file run-v9.cif (mmCIF, C-alpha atoms)
data_target
loop_
_atom_site.label_atom_id
_atom_site.label_comp_id
_atom_site.auth_asym_id
_atom_site.auth_seq_id
_atom_site.Cartn_x
_atom_site.Cartn_y
_atom_site.Cartn_z
CA THR A 1 25.88 -23.03 -62.14
CA ALA A 2 24.58 -22.44 -58.62
CA PHE A 3 25.36 -19.00 -57.15
CA LEU A 4 26.36 -20.77 -53.93
CA GLN A 5 29.64 -22.53 -53.23
CA THR A 6 28.21 -26.04 -52.94
CA HIS A 7 29.47 -29.14 -51.15
CA LYS A 8 28.06 -32.66 -50.90
CA ILE A 9 29.23 -34.65 -47.89
CA ALA A 10 28.44 -38.24 -46.92
CA LEU A 11 26.98 -38.72 -43.43
CA MET A 12 26.75 -42.22 -41.96
CA PHE A 13 25.90 -43.80 -38.63
CA ALA A 14 27.49 -46.83 -36.96
CA SER A 15 25.87 -48.10 -33.79
CA PRO A 16 27.61 -50.63 -31.51
CA SER A 17 25.60 -53.41 -33.15
CA HIS A 18 27.06 -52.44 -36.54
CA SER A 19 30.70 -52.34 -35.44
CA TYR A 20 32.46 -55.48 -36.61
CA ARG A 21 35.40 -56.83 -34.69
CA ASN A 22 38.42 -58.62 -36.05
CA GLY A 23 41.29 -58.66 -33.61
CA SER A 24 42.05 -55.25 -32.13
CA SER A 25 40.54 -53.22 -34.94
CA ARG A 26 36.83 -52.54 -34.62
CA PHE A 27 36.60 -51.34 -38.20
CA SER A 28 38.01 -54.43 -39.87
CA ARG A 29 35.24 -56.02 -41.92
CA ASP A 30 34.10 -59.52 -41.13
CA ALA A 31 34.90 -62.09 -43.78
CA ASP A 32 31.19 -62.78 -44.19
CA MET A 33 30.26 -59.16 -44.86
CA LYS A 34 29.91 -57.99 -48.44
CA GLU A 35 31.98 -54.88 -49.15
CA ASP A 36 30.20 -51.83 -47.71
CA GLY A 37 27.01 -53.56 -46.60
CA TRP A 38 27.86 -53.35 -42.91
CA ILE A 39 27.40 -49.57 -42.87
CA LEU A 40 25.12 -48.90 -45.87
CA ASN A 41 22.46 -51.26 -44.49
CA VAL A 42 21.87 -49.12 -41.39
CA THR A 43 18.21 -48.07 -41.33
CA ASN A 44 17.83 -46.58 -37.84
CA ALA A 45 19.90 -44.08 -35.90
CA SER A 46 20.03 -43.02 -32.25
CA PRO A 47 18.73 -39.93 -30.41
CA LEU A 48 22.35 -38.82 -29.96
CA PHE A 49 22.98 -39.00 -33.70
CA SER A 50 19.79 -36.99 -34.27
CA LYS A 51 21.06 -34.36 -31.83
CA PHE A 52 24.35 -34.21 -33.72
CA CYS A 53 22.52 -33.80 -37.04
CA THR A 54 20.44 -30.93 -35.61
CA GLY A 55 23.69 -29.01 -35.15
CA LEU A 56 25.00 -29.95 -38.61
CA GLY A 57 22.10 -28.55 -40.62
CA THR A 58 18.37 -28.32 -41.19
CA LEU A 59 16.04 -31.14 -42.20
CA THR A 60 14.57 -29.99 -45.52
CA SER A 61 12.04 -31.45 -47.93
CA LEU A 62 13.83 -32.62 -51.07
CA LYS A 63 11.20 -31.13 -53.33
CA HIS A 64 12.30 -27.68 -52.12
CA LEU A 65 15.95 -28.17 -53.09
CA ARG A 66 15.75 -26.71 -56.58
CA ILE A 67 19.08 -24.86 -56.65
CA PHE A 68 21.30 -27.70 -55.44
CA SER A 69 20.27 -31.19 -54.38
CA GLY A 70 23.59 -33.04 -54.50
CA GLY A 71 22.18 -35.46 -57.05
CA LEU A 72 19.23 -36.50 -54.86
CA ASP A 73 15.87 -37.06 -56.53
CA THR A 74 13.66 -33.99 -56.01
CA SER A 75 10.71 -35.29 -58.05
CA HIS A 76 7.47 -36.68 -56.66
CA TYR A 77 8.90 -40.20 -57.03
CA ALA A 78 11.11 -39.58 -53.96
CA SER A 79 13.47 -42.41 -54.88
CA ASP A 80 16.07 -41.01 -52.48
CA GLY A 81 13.65 -40.28 -49.66
CA GLU A 82 11.55 -37.27 -48.77
CA PHE A 83 14.01 -35.26 -46.69
CA ALA A 84 17.67 -34.26 -46.69
CA LEU A 85 19.97 -32.54 -44.23
CA CYS A 86 21.42 -29.29 -45.56
CA TRP A 87 23.10 -26.12 -44.34
CA VAL A 88 23.40 -22.66 -45.90
CA SER A 89 25.83 -20.11 -44.49
CA ASN A 90 24.27 -17.24 -42.60
CA ASN A 91 25.42 -13.69 -43.27
CA ASN A 92 25.24 -12.98 -39.53
CA GLU A 93 28.09 -15.43 -38.93
CA GLN A 94 30.60 -12.97 -40.42
CA LYS A 95 29.33 -9.51 -39.51
CA ASP A 96 32.68 -7.83 -40.18
CA SER A 97 32.92 -8.99 -43.79
CA SER A 98 32.04 -6.46 -46.48
CA PHE A 99 31.44 -9.24 -48.99
CA ILE A 100 30.28 -12.68 -48.00
CA GLY A 101 30.14 -15.58 -50.41
CA ARG A 102 27.38 -17.92 -49.30
CA SER A 103 28.02 -21.66 -49.09
CA MET A 104 25.66 -24.63 -49.05
CA VAL A 105 26.32 -28.13 -47.77
CA LEU A 106 24.11 -31.06 -48.72
CA PHE A 107 24.64 -34.09 -46.49
CA HIS A 108 24.00 -37.50 -48.06
CA SER A 109 22.67 -38.95 -44.80
CA THR A 110 22.19 -42.70 -45.28
CA PRO A 111 19.57 -43.10 -42.47
CA LEU A 112 17.34 -40.63 -44.37
CA MET A 113 17.53 -42.63 -47.60
CA PRO A 114 15.30 -45.61 -48.43
CA PRO A 115 16.89 -49.03 -47.71
CA GLY A 116 19.09 -50.35 -50.50
CA VAL A 117 22.87 -50.55 -50.61
CA ASN A 118 23.19 -49.82 -54.33
CA ASN A 119 21.13 -46.63 -54.32
CA ARG A 120 22.83 -45.30 -51.19
CA LYS A 121 26.28 -46.08 -52.54
CA ARG A 122 25.42 -44.29 -55.79
CA HIS A 123 25.43 -41.05 -53.81
CA VAL A 124 27.81 -41.73 -50.94
CA GLY A 125 30.41 -43.41 -53.15
CA ASN A 126 30.79 -40.25 -55.23
CA ASP A 127 31.42 -37.98 -52.24
CA VAL A 128 34.98 -36.89 -51.50
CA VAL A 129 34.48 -36.46 -47.74
CA HIS A 130 32.69 -38.92 -45.44
CA ILE A 131 31.51 -38.30 -41.88
CA LEU A 132 31.02 -41.42 -39.76
CA PHE A 133 29.28 -41.04 -36.39
CA VAL A 134 30.51 -43.92 -34.24
CA GLU A 135 28.43 -44.48 -31.12
CA GLU A 136 30.97 -46.62 -29.31
CA SER A 137 33.62 -44.79 -27.32
CA ASP A 138 36.06 -47.71 -27.16
CA THR A 139 36.20 -48.13 -30.94
CA ASN A 140 39.78 -48.35 -32.12
CA ILE A 141 40.40 -45.68 -34.76
CA HIS A 142 43.89 -44.76 -33.60
CA GLY A 143 47.04 -45.28 -35.61
CA SER A 144 48.51 -43.50 -38.61
CA ASP A 145 46.98 -40.59 -40.47
CA GLU A 146 46.01 -42.98 -43.25
CA GLY A 147 43.13 -45.43 -43.02
CA LYS A 148 41.17 -47.90 -45.10
CA GLN A 149 38.12 -46.71 -46.97
CA ILE A 150 34.85 -47.30 -45.15
CA ILE A 151 33.01 -47.11 -48.48
CA SER A 152 34.81 -48.39 -51.56
CA GLY A 153 34.93 -46.27 -54.68
CA GLU A 154 37.05 -43.92 -56.76
CA PHE A 155 36.52 -41.01 -54.39
CA CYS A 156 35.93 -41.27 -50.59
CA LEU A 157 39.31 -39.60 -50.01
CA VAL A 158 38.70 -38.42 -46.43
CA THR A 159 36.83 -39.89 -43.47
CA ILE A 160 35.94 -37.85 -40.37
CA PHE A 161 35.17 -40.06 -37.36
CA VAL A 162 32.96 -38.56 -34.63
CA THR A 163 32.95 -40.53 -31.36
CA PRO A 164 30.98 -39.46 -28.23
CA MET A 165 32.89 -39.76 -24.95
CA CYS A 166 32.45 -39.20 -21.20
CA ASP A 167 28.72 -39.95 -21.00
CA ASN A 168 28.18 -38.11 -24.30
CA LYS A 169 29.36 -34.79 -22.86
CA THR A 170 32.42 -34.61 -25.11
CA ALA A 171 33.25 -35.81 -28.60
CA LYS A 172 36.44 -36.92 -30.29
CA VAL A 173 36.78 -35.88 -33.92
CA THR A 174 39.42 -37.66 -36.02
CA LEU A 175 40.23 -36.96 -39.67
CA LYS A 176 42.03 -39.61 -41.73
CA PHE A 177 42.75 -39.74 -45.42
CA ARG A 178 42.61 -42.81 -47.65
CA GLU A 179 45.62 -45.02 -48.16
CA GLY A 180 47.54 -44.49 -51.37
CA LEU A 181 46.56 -40.88 -52.08
CA ASP A 182 48.63 -38.74 -54.40
CA ASP A 183 51.26 -36.60 -52.69
CA LYS A 184 49.51 -33.44 -53.90
CA VAL A 185 46.28 -34.43 -52.12
CA LYS A 186 48.16 -35.40 -48.96
CA GLU A 187 49.96 -32.06 -48.95
CA ASN A 188 46.64 -30.22 -49.13
CA LEU A 189 45.20 -32.29 -46.26
CA ASN A 190 48.14 -32.45 -43.85
CA HIS A 191 47.03 -29.41 -41.85
CA LEU A 192 43.60 -30.98 -41.24
CA VAL A 193 44.67 -34.48 -40.22
CA GLY A 194 44.55 -35.54 -36.58
CA SER A 195 42.24 -35.79 -33.56
CA THR A 196 40.53 -33.14 -31.45
CA ILE A 197 38.45 -33.52 -28.27
CA MET A 198 35.75 -30.93 -27.57
CA PRO A 199 32.35 -30.47 -25.88
CA PHE A 200 29.74 -32.50 -27.74
CA ASP A 201 27.46 -29.48 -28.28
CA VAL A 202 30.05 -27.67 -30.40
CA SER A 203 31.19 -30.73 -32.36
CA PRO A 204 28.59 -30.42 -35.18
CA THR A 205 29.78 -26.92 -36.13
CA TYR A 206 33.42 -27.99 -35.96
CA VAL A 207 32.81 -31.11 -38.04
CA ARG A 208 30.85 -29.20 -40.68
CA GLN A 209 33.60 -26.61 -41.11
CA LEU A 210 36.26 -29.34 -41.13
CA ALA A 211 34.35 -31.23 -43.82
CA ILE A 212 34.02 -28.09 -45.97
CA ARG A 213 37.75 -27.39 -45.76
CA ALA A 214 38.65 -31.01 -46.51
CA ASP A 215 36.28 -31.02 -49.49
CA LEU A 216 37.85 -27.87 -50.92
CA ALA A 217 41.37 -29.18 -50.30
CA CYS A 218 40.67 -32.46 -52.11
CA ARG A 219 38.71 -30.97 -55.01
CA SER A 220 41.37 -28.31 -55.65
CA ALA A 221 44.00 -31.06 -55.90
CA ILE A 222 42.02 -33.25 -58.31
CA GLN A 223 40.09 -30.63 -60.27
CA ASP A 224 41.56 -32.10 -63.46
CA ARG A 225 39.16 -35.01 -62.84
CA LEU A 226 36.28 -33.21 -61.11
CA GLY A 227 36.32 -29.89 -62.93
CA LEU A 228 36.78 -26.52 -61.24
CA PHE A 229 36.46 -26.90 -57.47
CA SER A 230 34.82 -23.49 -57.03
CA ASN A 231 31.41 -22.60 -58.44
CA TRP A 232 32.53 -18.97 -58.48
CA GLN A 233 35.45 -19.84 -60.77
CA GLU A 234 33.10 -21.59 -63.14
CA ARG A 235 30.66 -18.66 -63.13
CA LEU A 236 33.56 -16.27 -63.86
CA GLN A 237 34.60 -18.38 -66.84
CA GLN A 238 31.02 -18.38 -68.15
CA ILE A 239 30.76 -14.60 -67.76
CA GLN A 240 34.08 -14.05 -69.51
CA SER A 241 32.99 -16.30 -72.36
CA LEU A 242 30.05 -13.97 -73.00
CA LYS A 243 32.47 -11.28 -74.22
CA ARG A 244 32.56 -12.91 -77.63
CA TYR A 245 28.86 -12.15 -78.04
CA ALA A 246 29.27 -8.47 -77.12
#
call {"tool": "encode", "arguments": {"input": "run-v9.cif", "output": "structure tokens"}}
result
Amino acid sequence: TAFLQTHKIALMFASPSHSYRNGSSRFSRDADMKEDGWILNVTNASPLFSKFCTGLGTLTSLKHLRIFSGGLDTSHYASDGEFALCWVSNNNEQKDSSFIGRSMVLFHSTPLMPPGVNNRKRHVGNDVVHILFVEESDTNIHGSDEGKQIISGEFCLVTIFVTPMCDNKTAKVTLKFREGLDDKVKENLNHLVGSTIMPFDVSPTYVRQLAIRADLACRSAIQDRLGLFSNWQERLQQIQSLKRYA
């Protein structure tokens, strides 16, 4: 078990050319599109998305991710690409804390993966939280707290939409949870749901922390299916089990 509290979060990009229109909803899939292909086929991103990613984490060679890779291939075959976006908490962020548990976030960024819907969905489809950067300020993502899944699958419980506004000087961040969730999951997420407008430069930090909290909230509610949501809990159980060998 990794000594870090680990999280794997899906990170996707939707340019104006990849937004499909059907009536008033920009995120309604076209009848001709196959399932998730409209977003998983994206191969290029924009300079603004790259700027956002720079604030989210650090571009790291996959072969160096030996402790936690979020399921990405770290061998010389590089079947999932050569680089990944990751973030590890810095002790300097909480100077007043006497004990600081370090966390690590591995972003499954689809533009960094080789083309191929099936391989990308193999990773993204198993993530609980999805971040979708939408480079189209008039995209309609308003409405109820619930929304349709962008990527189909058993998980994908939460989607965080990030939309640049006002000549890319501000960003709107909206968190929605999937339709039909259990009441226990909804109860854990209710305090995170909604929209916030902020300066674009601070949005990556806000989105990362929001994604971590949403991931913990979901995993704690469905840990009967996913196992213990905290690596520290699992390590404690393993340490306690060693008593029988003493």
call {"tool": "atom_distance", "arguments": {"input": "run-v9.cif", "atom1": "CA of Pro47 in chain A", "atom2": "CA of Ser89 in chain A"}}
result
25.3 Å
call {"tool": "resolve_selection", "arguments": {"input": "run-v9.cif", "expression": "the PyMOL selection byres ((chain A and resi 81) around 7)", "output": "list of chain:residue names"}}
result
A:Ala78, A:Ser79, A:Asp80, A:Glu82, A:Phe83, A:Leu112, A:Met113, A:Pro114
call {"tool": "residues_around", "arguments": {"input": "run-v9.cif", "residues": "range 197-209 of chain A", "least_positions_apart": "2", "cutoff": "12 Å", "atoms": "only C-alpha atoms", "output": "short mmCIF file (atom, residue, chain, number, x, y, z; two decimals) with C-alpha atoms, in the frame of the given file"}}
result
data_model
loop_
_atom_site.label_atom_id
_atom_site.label_comp_id
_atom_site.auth_asym_id
_atom_site.auth_seq_id
_atom_site.Cartn_x
_atom_site.Cartn_y
_atom_site.Cartn_z
CA HIS A 7 29.47 -29.14 -51.15
CA LYS A 8 28.06 -32.66 -50.90
CA ILE A 9 29.23 -34.65 -47.89
CA ALA A 10 28.44 -38.24 -46.92
CA LEU A 11 26.98 -38.72 -43.43
CA LEU A 48 22.35 -38.82 -29.96
CA PHE A 49 22.98 -39.00 -33.70
CA SER A 50 19.79 -36.99 -34.27
CA LYS A 51 21.06 -34.36 -31.83
CA PHE A 52 24.35 -34.21 -33.72
CA CYS A 53 22.52 -33.80 -37.04
CA THR A 54 20.44 -30.93 -35.61
CA GLY A 55 23.69 -29.01 -35.15
CA LEU A 56 25.00 -29.95 -38.61
CA GLY A 57 22.10 -28.55 -40.62
CA LEU A 85 19.97 -32.54 -44.23
CA CYS A 86 21.42 -29.29 -45.56
CA TRP A 87 23.10 -26.12 -44.34
CA VAL A 88 23.40 -22.66 -45.90
CA SER A 89 25.83 -20.11 -44.49
CA GLU A 93 28.09 -15.43 -38.93
CA SER A 103 28.02 -21.66 -49.09
CA MET A 104 25.66 -24.63 -49.05
CA VAL A 105 26.32 -28.13 -47.77
CA LEU A 106 24.11 -31.06 -48.72
CA PHE A 107 24.64 -34.09 -46.49
CA VAL A 129 34.48 -36.46 -47.74
CA HIS A 130 32.69 -38.92 -45.44
CA ILE A 131 31.51 -38.30 -41.88
CA LEU A 132 31.02 -41.42 -39.76
CA PHE A 133 29.28 -41.04 -36.39
CA THR A 159 36.83 -39.89 -43.47
CA ILE A 160 35.94 -37.85 -40.37
CA PHE A 161 35.17 -40.06 -37.36
CA VAL A 162 32.96 -38.56 -34.63
CA THR A 163 32.95 -40.53 -31.36
CA PRO A 164 30.98 -39.46 -28.23
CA MET A 165 32.89 -39.76 -24.95
CA CYS A 166 32.45 -39.20 -21.20
CA ASP A 167 28.72 -39.95 -21.00
CA ASN A 168 28.18 -38.11 -24.30
CA LYS A 169 29.36 -34.79 -22.86
CA THR A 170 32.42 -34.61 -25.11
CA ALA A 171 33.25 -35.81 -28.60
CA LYS A 172 36.44 -36.92 -30.29
CA VAL A 173 36.78 -35.88 -33.92
CA THR A 174 39.42 -37.66 -36.02
CA LEU A 175 40.23 -36.96 -39.67
CA LEU A 192 43.60 -30.98 -41.24
CA GLY A 194 44.55 -35.54 -36.58
CA SER A 195 42.24 -35.79 -33.56
CA ALA A 211 34.35 -31.23 -43.82
CA ILE A 212 34.02 -28.09 -45.97
CA ARG A 213 37.75 -27.39 -45.76
CA ALA A 214 38.65 -31.01 -46.51
CA ASP A 215 36.28 -31.02 -49.49
CA LEU A 216 37.85 -27.87 -50.92
#
call {"tool": "residues_near_point", "arguments": {"input": "run-v9.cif", "point": "(19.0, -47.5, -40.2)", "cutoff": "10 Å", "atoms": "all atoms listed in the file", "output": "PDB file with C-alpha atoms, in the coordinates of the input"}}
result
ATOM      1  CA  MET A  12      26.750 -42.220 -41.960  1.00  0.00           C
ATOM      2  CA  PHE A  13      25.900 -43.800 -38.630  1.00  0.00           C
ATOM      3  CA  ALA A  14      27.490 -46.830 -36.960  1.00  0.00           C
ATOM      4  CA  SER A  15      25.870 -48.100 -33.790  1.00  0.00           C
ATOM      5  CA  ILE A  39      27.400 -49.570 -42.870  1.00  0.00           C
ATOM      6  CA  LEU A  40      25.120 -48.900 -45.870  1.00  0.00           C
ATOM      7  CA  ASN A  41      22.460 -51.260 -44.490  1.00  0.00           C
ATOM      8  CA  VAL A  42      21.870 -49.120 -41.390  1.00  0.00           C
ATOM      9  CA  THR A  43      18.210 -48.070 -41.330  1.00  0.00           C
ATOM     10  CA  ASN A  44      17.830 -46.580 -37.840  1.00  0.00           C
ATOM     11  CA  ALA A  45      19.900 -44.080 -35.900  1.00  0.00           C
ATOM     12  CA  SER A  46      20.030 -43.020 -32.250  1.00  0.00           C
ATOM     13  CA  THR A 110      22.190 -42.700 -45.280  1.00  0.00           C
ATOM     14  CA  PRO A 111      19.570 -43.100 -42.470  1.00  0.00           C
ATOM     15  CA  LEU A 112      17.340 -40.630 -44.370  1.00  0.00           C
ATOM     16  CA  MET A 113      17.530 -42.630 -47.600  1.00  0.00           C
ATOM     17  CA  PRO A 114      15.300 -45.610 -48.430  1.00  0.00           C
ATOM     18  CA  PRO A 115      16.890 -49.030 -47.710  1.00  0.00           C
TER      19      PRO A 115
END
call {"tool": "closest_residue", "arguments": {"input": "run-v9.cif", "among": "A:Gly37, A:Thr60, A:Asn119, A:Cys218", "to": "Val158 in chain A", "atoms": "all atoms listed in the file"}}
result
A:Cys218
call {"tool": "closest_residue", "arguments": {"input": "run-v9.cif", "among": "A:Glu135, A:Asn118, A:Ile67, A:Ile150", "to": "Trp38 in chain A", "atoms": "all atoms listed in the file"}}
result
A:Ile150
call {"tool": "residues_around", "arguments": {"input": "run-v9.cif", "residues": "Leu157 in chain A", "least_positions_apart": "2", "cutoff": "9 Å", "atoms": "only C-alpha atoms", "output": "NGL selection string"}}
result
:A and (127-130 or 149 or 154-155 or 159 or 176-179 or 181 or 185 or 218)
call {"tool": "atom_distance", "arguments": {"input": "run-v9.cif", "atom1": "CA of Asn90 in chain A", "atom2": "CA of Ser61 in chain A"}}
result
19.5 Å
call {"tool": "closest_residue", "arguments": {"input": "run-v9.cif", "among": "A:Lys186, A:Ala221, A:His76, A:His108", "to": "Lys63 in chain A", "atoms": "all atoms listed in the file"}}
result
A:His76
call {"tool": "atom_distance", "arguments": {"input": "run-v9.cif", "atom1": "CA of Phe68 in chain A", "atom2": "CA of Gln5 in chain A"}}
result
10.1 Å
call {"tool": "closest_residue", "arguments": {"input": "run-v9.cif", "among": "A:Ser220, A:Ser75, A:Thr58, A:Thr6", "to": "Lys184 in chain A", "atoms": "all atoms listed in the file"}}
result
A:Ser220
call {"tool": "axis_aligned_box", "arguments": {"input": "run-v9.cif", "around": "range 105-124 of chain A", "padding_each_side": "5 Å", "output": "lines of an AutoDock Vina configuration file"}}
result
center_x = 21.6
center_y = -39.3
center_z = -49.1
size_x = 22.5
size_y = 32.4
size_z = 23.3
